[in-house]
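**Student:** One file: model_0.pdb (PDB, C-alpha atoms and all ligand atoms).
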ATOM      1  CA  MET A   1     -36.327  68.698  35.127
ATOM      2  CA  ARG A   2     -37.028  71.790  33.087
ATOM      3  CA  LEU A   3     -39.492  74.423  34.268
ATOM      4  CA  ALA A   4     -41.786  76.130  31.773
ATOM      5  CA  PRO A   5     -43.686  78.979  33.477
ATOM      6  CA  SER A   6     -47.126  79.573  31.982
ATOM      7  CA  ILE A   7     -47.976  83.258  31.777
ATOM      8  CA  LEU A   8     -51.711  82.587  32.127
ATOM      9  CA  THR A   9     -51.790  83.719  35.769
ATOM     10  CA  ALA A  10     -49.175  86.482  35.345
ATOM     11  CA  ASP A  11     -50.002  90.140  35.858
ATOM     12  CA  PHE A  12     -50.548  91.197  32.225
ATOM     13  CA  THR A  13     -49.952  94.861  33.056
ATOM     14  CA  ARG A  14     -46.378  93.851  34.033
ATOM     15  CA  LEU A  15     -45.898  90.855  31.744
ATOM     16  CA  GLY A  16     -42.390  91.660  30.474
ATOM     17  CA  GLU A  17     -41.147  92.424  33.968
ATOM     18  CA  GLN A  18     -42.611  89.195  35.386
ATOM     19  CA  ILE A  19     -41.166  87.022  32.617
ATOM     20  CA  ALA A  20     -37.784  88.724  33.026
ATOM     21  CA  ALA A  21     -37.894  87.884  36.757
ATOM     22  CA  ALA A  22     -38.602  84.227  35.949
ATOM     23  CA  CYS A  23     -35.758  84.184  33.387
ATOM     24  CA  ASP A  24     -33.384  85.783  35.909
ATOM     25  CA  ALA A  25     -34.315  82.960  38.291
ATOM     26  CA  GLY A  26     -33.091  80.486  35.659
ATOM     27  CA  ILE A  27     -36.173  79.113  33.907
ATOM     28  CA  ASP A  28     -35.748  77.397  30.571
ATOM     29  CA  TRP A  29     -38.926  77.830  28.580
ATOM     30  CA  ILE A  30     -41.828  80.309  28.462
ATOM     31  CA  HIS A  31     -45.157  78.486  28.117
ATOM     32  CA  LEU A  32     -47.825  80.374  26.171
ATOM     33  CA  ASP A  33     -51.398  79.060  26.489
ATOM     34  CA  VAL A  34     -53.475  79.889  23.441
ATOM     35  CA  MET A  35     -57.231  79.343  23.912
ATOM     36  CA  ASP A  36     -59.994  79.841  21.383
ATOM     37  CA  GLY A  37     -63.213  79.588  23.415
ATOM     38  CA  ARG A  38     -64.171  76.456  21.468
ATOM     39  CA  PHE A  39     -61.647  73.726  22.225
ATOM     40  CA  VAL A  40     -61.641  75.053  25.785
ATOM     41  CA  PRO A  41     -64.200  77.269  27.542
ATOM     42  CA  ASN A  42     -61.863  80.248  27.755
ATOM     43  CA  ILE A  43     -60.193  82.749  25.423
ATOM     44  CA  SER A  44     -56.632  83.930  26.039
ATOM     45  CA  PHE A  45     -54.387  85.446  23.367
ATOM     46  CA  GLY A  46     -52.987  84.819  19.911
ATOM     47  CA  PRO A  47     -49.833  85.332  17.817
ATOM     48  CA  LEU A  48     -49.571  89.045  18.767
ATOM     49  CA  VAL A  49     -48.409  88.136  22.276
ATOM     50  CA  VAL A  50     -45.933  85.572  20.926
ATOM     51  CA  ARG A  51     -44.485  88.246  18.643
ATOM     52  CA  ALA A  52     -44.292  90.758  21.503
ATOM     53  CA  LEU A  53     -42.357  88.295  23.688
ATOM     54  CA  ARG A  54     -39.855  87.142  21.033
ATOM     55  CA  PRO A  55     -37.230  89.842  21.805
ATOM     56  CA  LEU A  56     -37.434  89.086  25.537
ATOM     57  CA  ALA A  57     -37.000  85.353  24.886
ATOM     58  CA  ASP A  58     -33.976  86.137  22.685
ATOM     59  CA  ARG A  59     -32.450  88.338  25.370
ATOM     60  CA  TYR A  60     -32.600  85.453  27.855
ATOM     61  CA  GLY A  61     -32.047  82.539  25.451
ATOM     62  CA  ALA A  62     -35.425  81.140  26.548
ATOM     63  CA  MET A  63     -37.627  79.024  24.346
ATOM     64  CA  LEU A  64     -41.128  80.163  23.380
ATOM     65  CA  ASP A  65     -43.270  77.082  23.951
ATOM     66  CA  THR A  66     -46.723  77.563  22.450
ATOM     67  CA  HIS A  67     -49.589  75.348  23.653
ATOM     68  CA  LEU A  68     -52.435  75.640  21.159
ATOM     69  CA  MET A  69     -55.804  74.783  22.732
ATOM     70  CA  ILE A  70     -57.700  75.587  19.549
ATOM     71  CA  VAL A  71     -59.789  73.545  17.128
ATOM     72  CA  GLU A  72     -58.140  72.669  13.805
ATOM     73  CA  PRO A  73     -54.791  74.136  14.843
ATOM     74  CA  GLU A  74     -53.424  73.623  11.335
ATOM     75  CA  ARG A  75     -55.337  76.803  10.378
ATOM     76  CA  TYR A  76     -52.994  78.838  12.590
ATOM     77  CA  VAL A  77     -49.616  77.097  12.898
ATOM     78  CA  ALA A  78     -48.095  79.305  10.168
ATOM     79  CA  ASP A  79     -49.163  82.435  12.069
ATOM     80  CA  PHE A  80     -47.579  81.210  15.305
ATOM     81  CA  ALA A  81     -44.409  80.184  13.487
ATOM     82  CA  ALA A  82     -44.192  83.619  11.838
ATOM     83  CA  ALA A  83     -44.754  85.277  15.225
ATOM     84  CA  GLY A  84     -41.647  83.535  16.575
ATOM     85  CA  ALA A  85     -42.783  80.400  18.425
ATOM     86  CA  ASP A  86     -39.950  77.858  18.830
ATOM     87  CA  LEU A  87     -42.151  74.918  19.732
ATOM     88  CA  ILE A  88     -45.779  74.520  18.708
ATOM     89  CA  THR A  89     -47.920  71.937  20.479
ATOM     90  CA  VAL A  90     -51.300  70.868  19.121
ATOM     91  CA  HIS A  91     -54.007  68.771  20.780
ATOM     92  CA  ALA A  92     -54.706  65.359  19.282
ATOM     93  CA  GLU A  93     -58.397  65.865  20.119
ATOM     94  CA  ALA A  94     -58.537  69.134  18.184
ATOM     95  CA  THR A  95     -57.936  67.799  14.684
ATOM     96  CA  PRO A  96     -58.629  64.644  12.695
ATOM     97  CA  HIS A  97     -55.186  65.157  11.090
ATOM     98  CA  VAL A  98     -52.679  65.516  13.894
ATOM     99  CA  HIS A  99     -49.909  63.997  11.753
ATOM    100  CA  ARG A 100     -50.511  66.622   9.072
ATOM    101  CA  ALA A 101     -50.490  69.410  11.673
ATOM    102  CA  VAL A 102     -47.136  68.140  13.006
ATOM    103  CA  GLN A 103     -45.766  67.900   9.470
ATOM    104  CA  MET A 104     -46.789  71.499   8.850
ATOM    105  CA  ILE A 105     -45.012  72.643  12.033
ATOM    106  CA  HIS A 106     -41.820  70.833  11.008
ATOM    107  CA  ASP A 107     -42.040  72.220   7.472
ATOM    108  CA  LEU A 108     -42.115  75.687   9.060
ATOM    109  CA  GLY A 109     -38.809  74.866  10.766
ATOM    110  CA  LYS A 110     -40.249  74.605  14.292
ATOM    111  CA  LYS A 111     -40.270  71.913  16.953
ATOM    112  CA  ALA A 112     -43.582  70.086  17.289
ATOM    113  CA  GLY A 113     -45.478  68.729  20.254
ATOM    114  CA  VAL A 114     -48.684  66.781  20.639
ATOM    115  CA  ALA A 115     -50.952  67.105  23.684
ATOM    116  CA  ILE A 116     -53.764  65.043  25.178
ATOM    117  CA  ASN A 117     -56.386  65.779  27.826
ATOM    118  CA  PRO A 118     -56.649  63.805  31.096
ATOM    119  CA  ALA A 119     -59.403  61.498  29.762
ATOM    120  CA  THR A 120     -57.700  60.794  26.424
ATOM    121  CA  PRO A 121     -55.866  57.455  26.254
ATOM    122  CA  LEU A 122     -52.204  57.248  25.308
ATOM    123  CA  SER A 123     -53.161  55.064  22.338
ATOM    124  CA  MET A 124     -54.365  58.248  20.610
ATOM    125  CA  ILE A 125     -50.789  59.536  20.297
ATOM    126  CA  GLU A 126     -48.711  56.338  20.423
ATOM    127  CA  GLU A 127     -48.089  56.469  16.677
ATOM    128  CA  MET A 128     -46.768  60.026  17.025
ATOM    129  CA  ILE A 129     -43.967  59.310  19.510
ATOM    130  CA  ASP A 130     -41.307  59.173  16.802
ATOM    131  CA  GLN A 131     -42.765  62.186  14.979
ATOM    132  CA  VAL A 132     -42.571  64.865  17.678
ATOM    133  CA  GLU A 133     -40.083  66.533  20.007
ATOM    134  CA  LEU A 134     -42.549  66.700  22.905
ATOM    135  CA  ILE A 135     -45.627  64.990  24.288
ATOM    136  CA  LEU A 136     -47.763  67.056  26.651
ATOM    137  CA  LEU A 137     -49.998  65.263  29.117
ATOM    138  CA  MET A 138     -52.607  67.564  30.623
ATOM    139  CA  THR A 139     -52.750  67.021  34.366
ATOM    140  CA  VAL A 140     -55.881  69.211  34.627
ATOM    141  CA  ASN A 141     -58.735  69.730  32.195
ATOM    142  CA  PRO A 142     -57.451  72.464  29.893
ATOM    143  CA  GLY A 143     -58.862  75.980  29.915
ATOM    144  CA  PHE A 144     -57.828  77.600  33.172
ATOM    145  CA  GLY A 145     -54.807  78.137  35.364
ATOM    146  CA  GLY A 146     -54.852  77.466  39.087
ATOM    147  CA  GLN A 147     -56.596  74.074  39.054
ATOM    148  CA  THR A 148     -55.698  70.994  41.117
ATOM    149  CA  LEU A 149     -53.583  68.267  39.521
ATOM    150  CA  ILE A 150     -55.539  65.085  38.785
ATOM    151  CA  PRO A 151     -53.388  62.414  40.495
ATOM    152  CA  SER A 152     -54.515  59.515  38.262
ATOM    153  CA  VAL A 153     -52.732  61.172  35.296
ATOM    154  CA  LEU A 154     -49.391  60.390  36.967
ATOM    155  CA  GLY A 155     -49.927  56.708  36.085
ATOM    156  CA  LYS A 156     -50.339  57.797  32.466
ATOM    157  CA  VAL A 157     -47.084  59.783  32.686
ATOM    158  CA  GLN A 158     -45.336  56.636  33.945
ATOM    159  CA  ARG A 159     -46.772  54.512  31.119
ATOM    160  CA  LEU A 160     -45.776  57.123  28.544
ATOM    161  CA  ALA A 161     -42.233  57.293  29.942
ATOM    162  CA  ALA A 162     -41.971  53.492  29.540
ATOM    163  CA  LEU A 163     -43.225  53.733  25.939
ATOM    164  CA  VAL A 164     -40.825  56.568  25.084
ATOM    165  CA  GLY A 165     -37.863  54.790  26.661
ATOM    166  CA  ASP A 166     -34.582  56.478  25.772
ATOM    167  CA  ARG A 167     -35.923  58.241  22.676
ATOM    168  CA  PRO A 168     -35.224  61.996  22.711
ATOM    169  CA  VAL A 169     -38.810  63.078  23.341
ATOM    170  CA  GLU A 170     -39.669  65.497  26.136
ATOM    171  CA  ILE A 171     -42.565  64.504  28.401
ATOM    172  CA  MET A 172     -44.380  67.575  29.654
ATOM    173  CA  VAL A 173     -46.919  67.751  32.478
ATOM    174  CA  ASP A 174     -49.273  70.729  32.429
ATOM    175  CA  GLY A 175     -51.643  71.828  35.151
ATOM    176  CA  GLY A 176     -51.570  71.966  38.933
ATOM    177  CA  VAL A 177     -47.796  71.548  39.252
ATOM    178  CA  HIS A 178     -46.725  73.058  42.586
ATOM    179  CA  PRO A 179     -43.973  72.333  45.129
ATOM    180  CA  SER A 180     -46.291  69.681  46.601
ATOM    181  CA  THR A 181     -46.789  67.823  43.280
ATOM    182  CA  ILE A 182     -43.670  68.446  41.178
ATOM    183  CA  ALA A 183     -41.547  65.656  42.667
ATOM    184  CA  ALA A 184     -44.237  63.070  41.902
ATOM    185  CA  CYS A 185     -44.340  64.322  38.286
ATOM    186  CA  ALA A 186     -40.572  63.981  37.971
ATOM    187  CA  ALA A 187     -40.611  60.549  39.612
ATOM    188  CA  ALA A 188     -43.265  59.425  37.106
ATOM    189  CA  GLY A 189     -40.932  60.371  34.238
ATOM    190  CA  ALA A 190     -41.894  63.905  33.206
ATOM    191  CA  THR A 191     -38.966  65.936  31.860
ATOM    192  CA  VAL A 192     -40.624  69.372  31.642
ATOM    193  CA  ALA A 193     -43.151  70.867  34.066
ATOM    194  CA  VAL A 194     -45.449  73.746  33.182
ATOM    195  CA  VAL A 195     -45.772  75.929  36.254
ATOM    196  CA  GLY A 196     -48.337  78.704  36.139
ATOM    197  CA  SER A 197     -49.922  79.733  39.438
ATOM    198  CA  ALA A 198     -46.945  78.225  41.319
ATOM    199  CA  VAL A 199     -44.717  80.915  39.754
ATOM    200  CA  PHE A 200     -47.031  83.838  38.967
ATOM    201  CA  GLY A 201     -48.920  84.004  42.257
ATOM    202  CA  PRO A 202     -48.705  85.836  45.554
ATOM    203  CA  GLN A 203     -45.078  84.804  46.285
ATOM    204  CA  PRO A 204     -42.113  86.703  44.792
ATOM    205  CA  ILE A 205     -41.175  84.945  41.537
ATOM    206  CA  PRO A 206     -37.573  83.988  42.541
ATOM    207  CA  ASP A 207     -38.854  82.448  45.818
ATOM    208  CA  ALA A 208     -41.531  80.517  43.950
ATOM    209  CA  ILE A 209     -38.974  79.053  41.534
ATOM    210  CA  ALA A 210     -36.580  78.256  44.376
ATOM    211  CA  ALA A 211     -39.401  76.389  46.170
ATOM    212  CA  LEU A 212     -40.038  74.268  43.062
ATOM    213  CA  ARG A 213     -36.315  73.480  42.674
ATOM    214  CA  ALA A 214     -36.070  72.608  46.381
ATOM    215  CA  ALA A 215     -39.020  70.220  46.069
ATOM    216  CA  LEU A 216     -37.336  68.588  43.058
ATOM    217  CA  ALA A 217     -34.054  68.197  44.897
ATOM    218  CA  GLU A 218     -35.865  65.955  47.413
ATOM    219  CA  ALA A 219     -36.796  63.505  44.649
ATOM    220  CA  PRO A 220     -34.437  63.464  41.653
ATOM    221  CA  PRO A 221     -36.107  62.893  38.261
ATOM    222  CA  VAL A 222     -35.961  59.416  36.738
ATOM    223  CA  ARG A 223     -35.404  60.620  33.162
TER
HETATM  224  O1  LIG B   1     -52.595  74.723  29.709
HETATM  225  C1  LIG B   1     -52.941  75.251  30.745
HETATM  226  C2  LIG B   1     -54.394  75.327  31.114
HETATM  227  O2  LIG B   1     -55.157  74.794  30.105
HETATM  228  C3  LIG B   1     -51.902  75.912  31.635
HETATM  229  O3  LIG B   1     -50.627  75.722  31.072
HETATM  230  C4  LIG B   1     -51.913  75.399  33.060
HETATM  231  O4  LIG B   1     -53.185  75.457  33.631
HETATM  232  C5  LIG B   1     -50.886  76.115  33.924
HETATM  233  O5  LIG B   1     -51.408  76.735  35.033
HETATM  234  P1  LIG B   1     -51.309  76.153  36.524
HETATM  235  O6  LIG B   1     -49.873  75.728  36.766
HETATM  236  O7  LIG B   1     -51.749  77.286  37.365
HETATM  237  O8  LIG B   1     -52.232  74.951  36.585
HETATM  238 FE    FE B   2     -50.551  74.852  28.901
END
Could you show the structure in this file as structure tokens?
Ligand SMILES: O=C(CO)[C@H](O)[C@H](O)COP(=O)(O)O
Ligand SMILES: [Fe+2]

**Tutor:**
Amino acid sequence: MRLAPSILTADFTRLGEQIAAACDAGIDWIHLDVMDGRFVPNISFGPLVVRALRPLADRYGAMLDTHLMIVEPERYVADFAAAGADLITVHAEATPHVHRAVQMIHDLGKKAGVAINPATPLSMIEEMIDQVELILLMTVNPGFGGQTLIPSVLGKVQRLAALVGDRPVEIMVDGGVHPSTIAACAAAGATVAVVGSAVFGPQPIPDAIAALRAALAEAPPVR
């Protein structure tokens, strides 16, 4: 299972240093949570931060995974692509034209993902399975780091994994993934885990990543 540390709970005065520590510990993706204060009740950062992190991602061969929690994301996908995002994920609830948004992302030469909130049924994105590289299932209500994983979403992860089958689509879980919950996510069929407060918290970053890998080793992923 891939780990995608979310920088939301990182120390922003030492952001480069903290991401470098996570990359040194062998993480695969860098997860960037973009919030507009409308789709979610919080504001984070925009393309400037993506652009600032591009050289660091290149140095480590890490992927810049951009999670857009903004209304009508099609207004901004070109800006995030130009800033250097590798993967751009949009919320199905945030636009009446999710297919068009995904088309735009692909036309910009980027990988595309579609995300849904805990209360949104899988049927909302079923028709998009063959159109995207990644499906993100929120395991908390979006807007803040450090929340508790909602266990009932794991059933949705399992049902999505069955729908996806052996198609090359990543299944990402986002929110509340810690050493105590990561094995259950992997067992349900998730292939990528966003890990925010579990990595950028009180523990040294390499220890935090080792703890996640150790928890995964107890229960090997099914996909
Ligand atoms: O999209 C998000 C919140 O909307 C974040 O990616 C998520 O909350 C990660 O943080 P943590 O692992 O601390 O829950
Ligand atoms: Fe996220």

**Student:** Dump as JSON lines the rows for residues of chain A within 7 Å of ligand FE 2 (chain B): closest atom pair and distance in Å with one decimal, only C-alpha atoms and all ligand atoms counted, ordered by chain and rising residue number.

**Tutor:**
{"residue": "A:Ser6", "atom": "CA", "partner": "B:FE2", "partner_atom": "FE", "distance": 6.6}
{"residue": "A:His31", "atom": "CA", "partner": "B:FE2", "partner_atom": "FE", "distance": 6.6}
{"residue": "A:Leu32", "atom": "CA", "partner": "B:FE2", "partner_atom": "FE", "distance": 6.7}
{"residue": "A:Asp33", "atom": "CA", "partner": "B:FE2", "partner_atom": "FE", "distance": 4.9}
{"residue": "A:His67", "atom": "CA", "partner": "B:FE2", "partner_atom": "FE", "distance": 5.4}
{"residue": "A:Asp174", "atom": "CA", "partner": "B:FE2", "partner_atom": "FE", "distance": 5.6}
{"residue": "A:Val194", "atom": "CA", "partner": "B:FE2", "partner_atom": "FE", "distance": 6.8}

**Student:** For ligand LIG 1 (chain B), list the contacting residues at 7 Å or closer, counting only C-alpha atoms and all ligand atoms, as an mmCIF file with C-alpha atoms, keeping the file's coordinate frame.

**Tutor:**
data_model
loop_
_atom_site.group_PDB
_atom_site.id
_atom_site.type_symbol
_atom_site.label_atom_id
_atom_site.label_comp_id
_atom_site.auth_asym_id
_atom_site.auth_seq_id
_atom_site.Cartn_x
_atom_site.Cartn_y
_atom_site.Cartn_z
ATOM 1 C CA SER A 6 -47.126 79.573 31.982
ATOM 2 C CA LEU A 8 -51.711 82.587 32.127
ATOM 3 C CA THR A 9 -51.790 83.719 35.769
ATOM 4 C CA HIS A 31 -45.157 78.486 28.117
ATOM 5 C CA ASP A 33 -51.398 79.060 26.489
ATOM 6 C CA HIS A 67 -49.589 75.348 23.653
ATOM 7 C CA VAL A 140 -55.881 69.211 34.627
ATOM 8 C CA ASN A 141 -58.735 69.730 32.195
ATOM 9 C CA PRO A 142 -57.451 72.464 29.893
ATOM 10 C CA GLY A 143 -58.862 75.980 29.915
ATOM 11 C CA PHE A 144 -57.828 77.600 33.172
ATOM 12 C CA GLY A 145 -54.807 78.137 35.364
ATOM 13 C CA GLY A 146 -54.852 77.466 39.087
ATOM 14 C CA GLN A 147 -56.596 74.074 39.054
ATOM 15 C CA THR A 148 -55.698 70.994 41.117
ATOM 16 C CA ASP A 174 -49.273 70.729 32.429
ATOM 17 C CA GLY A 175 -51.643 71.828 35.151
ATOM 18 C CA GLY A 176 -51.570 71.966 38.933
ATOM 19 C CA VAL A 177 -47.796 71.548 39.252
ATOM 20 C CA VAL A 194 -45.449 73.746 33.182
ATOM 21 C CA VAL A 195 -45.772 75.929 36.254
ATOM 22 C CA GLY A 196 -48.337 78.704 36.139
ATOM 23 C CA SER A 197 -49.922 79.733 39.438
ATOM 24 C CA ALA A 198 -46.945 78.225 41.319
#

**Student:** Could you state which residues are captured by the PyMOL selection byres (((chain A and resi 160) around 9) and not hetatm) in this file, as number ranges by chain?

**Tutor:** A: 122, 126, 135, 155-159, 161-165, 171, 189

**Student:** Output the selection as a PDB file, in the coordinates of the input - C-alpha atoms for each residue.

**Tutor:**
ATOM      1  CA  LEU A 122     -52.204  57.248  25.308  1.00  0.00           C
ATOM      2  CA  GLU A 126     -48.711  56.338  20.423  1.00  0.00           C
ATOM      3  CA  ILE A 135     -45.627  64.990  24.288  1.00  0.00           C
ATOM      4  CA  GLY A 155     -49.927  56.708  36.085  1.00  0.00           C
ATOM      5  CA  LYS A 156     -50.339  57.797  32.466  1.00  0.00           C
ATOM      6  CA  VAL A 157     -47.084  59.783  32.686  1.00  0.00           C
ATOM      7  CA  GLN A 158     -45.336  56.636  33.945  1.00  0.00           C
ATOM      8  CA  ARG A 159     -46.772  54.512  31.119  1.00  0.00           C
ATOM      9  CA  ALA A 161     -42.233  57.293  29.942  1.00  0.00           C
ATOM     10  CA  ALA A 162     -41.971  53.492  29.540  1.00  0.00           C
ATOM     11  CA  LEU A 163     -43.225  53.733  25.939  1.00  0.00           C
ATOM     12  CA  VAL A 164     -40.825  56.568  25.084  1.00  0.00           C
ATOM     13  CA  GLY A 165     -37.863  54.790  26.661  1.00  0.00           C
ATOM     14  CA  ILE A 171     -42.565  64.504  28.401  1.00  0.00           C
ATOM     15  CA  GLY A 189     -40.932  60.371  34.238  1.00  0.00           C
TER      16      GLY A 189
END

**Student:** Write out as a PyMOL selection string the residues lying within 10 Å of range 151-154 of chain A, counting all atoms listed in the file and excluding same-chain residues fewer than 5 positions away.

**Tutor:** chain A and resi 117-119+137-140+159-160+173+176+181+184-190

**Student:** Show me, as a list of chain:residue names, the residues that have an atom within 9 Å of Leu87 in chain A when counting only C-alpha atoms, minus same-chain residues fewer than 4 positions from it.

**Tutor:**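 Using only C-alpha atoms, the neighbours found are A:Met63, A:Leu64, A:Asp65, A:Thr66, A:His67, A:Ala81, A:Ile105, A:Lys110, A:Lys111, A:Ala112, A:Gly113, A:Glu133, A:Leu134.
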
**Student:** Tell me which of A:Ile116, A:Leu15, A:Ala193, A:Val49 sits closest to Arg2 in chain A, counting all atoms listed in the file.

**Tutor:** A:Ala193

**Student:** With all atoms listed in the file as the atoms that count, which of A:Ser44, A:Met35, A:Tyr60, A:Ile125 lies nearest to Phe12 in chain A?

**Tutor:**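 Among the listed residues, the smallest separation from Phe12 in chain A belongs to A:Ser44.
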
**Student:** Could you tell me how far CA of Ile27 in chain A lies from CA of Pro168 in chain A, in Å and to one decimal?

**Tutor:**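 These atoms are spaced 20.5 Å apart.
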
**Student:** Just to confirm, what's the straight-line distance from CA of Leu149 in chain A to CA of Ala211 in chain A in Å (one decimal)?

**Tutor:**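 Calculated distance between CA of Leu149 in chain A and CA of Ala211 in chain A is 17.6 Å.
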
**Student:** Between CA of Val199 in chain A and CA of Ala10 in chain A, what is the spacing in Å?

**Tutor:** 8.4 Å

**Student:** So what does the PyMOL selection byres (((chain A and resi 77) around 12) and not hetatm) actually pick up in this one, as a ChimeraX atom specification?

**Tutor:** /A:34,46-47,66-76,78-90,100-113

**Student:** Nearest to Trp29 in chain A among A:Leu136, A:Met128, A:Ala4, A:Ile150, with distances taken over all atoms listed in the file: which residue is it?

**Tutor:**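 Nearest candidate to Trp29 in chain A out of A:Leu136, A:Met128, A:Ala4, A:Ile150: A:Ala4.
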
**Student:** Might you pull out every residue within 7 Å of Ile205 in chain A, with only C-alpha atoms counted and same-chain residues fewer than 4 positions away left off, and present them as number ranges by chain?

**Tutor:** A: 21-22, 199-200, 209

**Student:** Which residue gives the smallest distance to Ala115 in chain A among A:Ile30, A:Cys23, A:Met172, A:Ala208, with only C-alpha atoms counted?

**Tutor:**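 Selected residue with least distance to Ala115 in chain A: A:Met172.
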
**Student:** Using only C-alpha atoms, can you tell me which of A:Val40, A:Ala219, A:Met124, A:Ile182 comes closest to His97 in chain A?

**Tutor:**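 The answer is A:Met124, which sits nearest to His97 in chain A.
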
**Student:** Residues picked by the PyMOL selection byres (((chain A and resi 213) around 10) and not hetatm) here, as a list in words?

**Tutor:** Met1, Arg2, Leu3, Pro179, Ile182, Ala183, Asp207, Ala208, Ile209, Ala210, Ala211, Leu212, Ala214, Ala215, Leu216, Ala217 and Glu218 of chain A
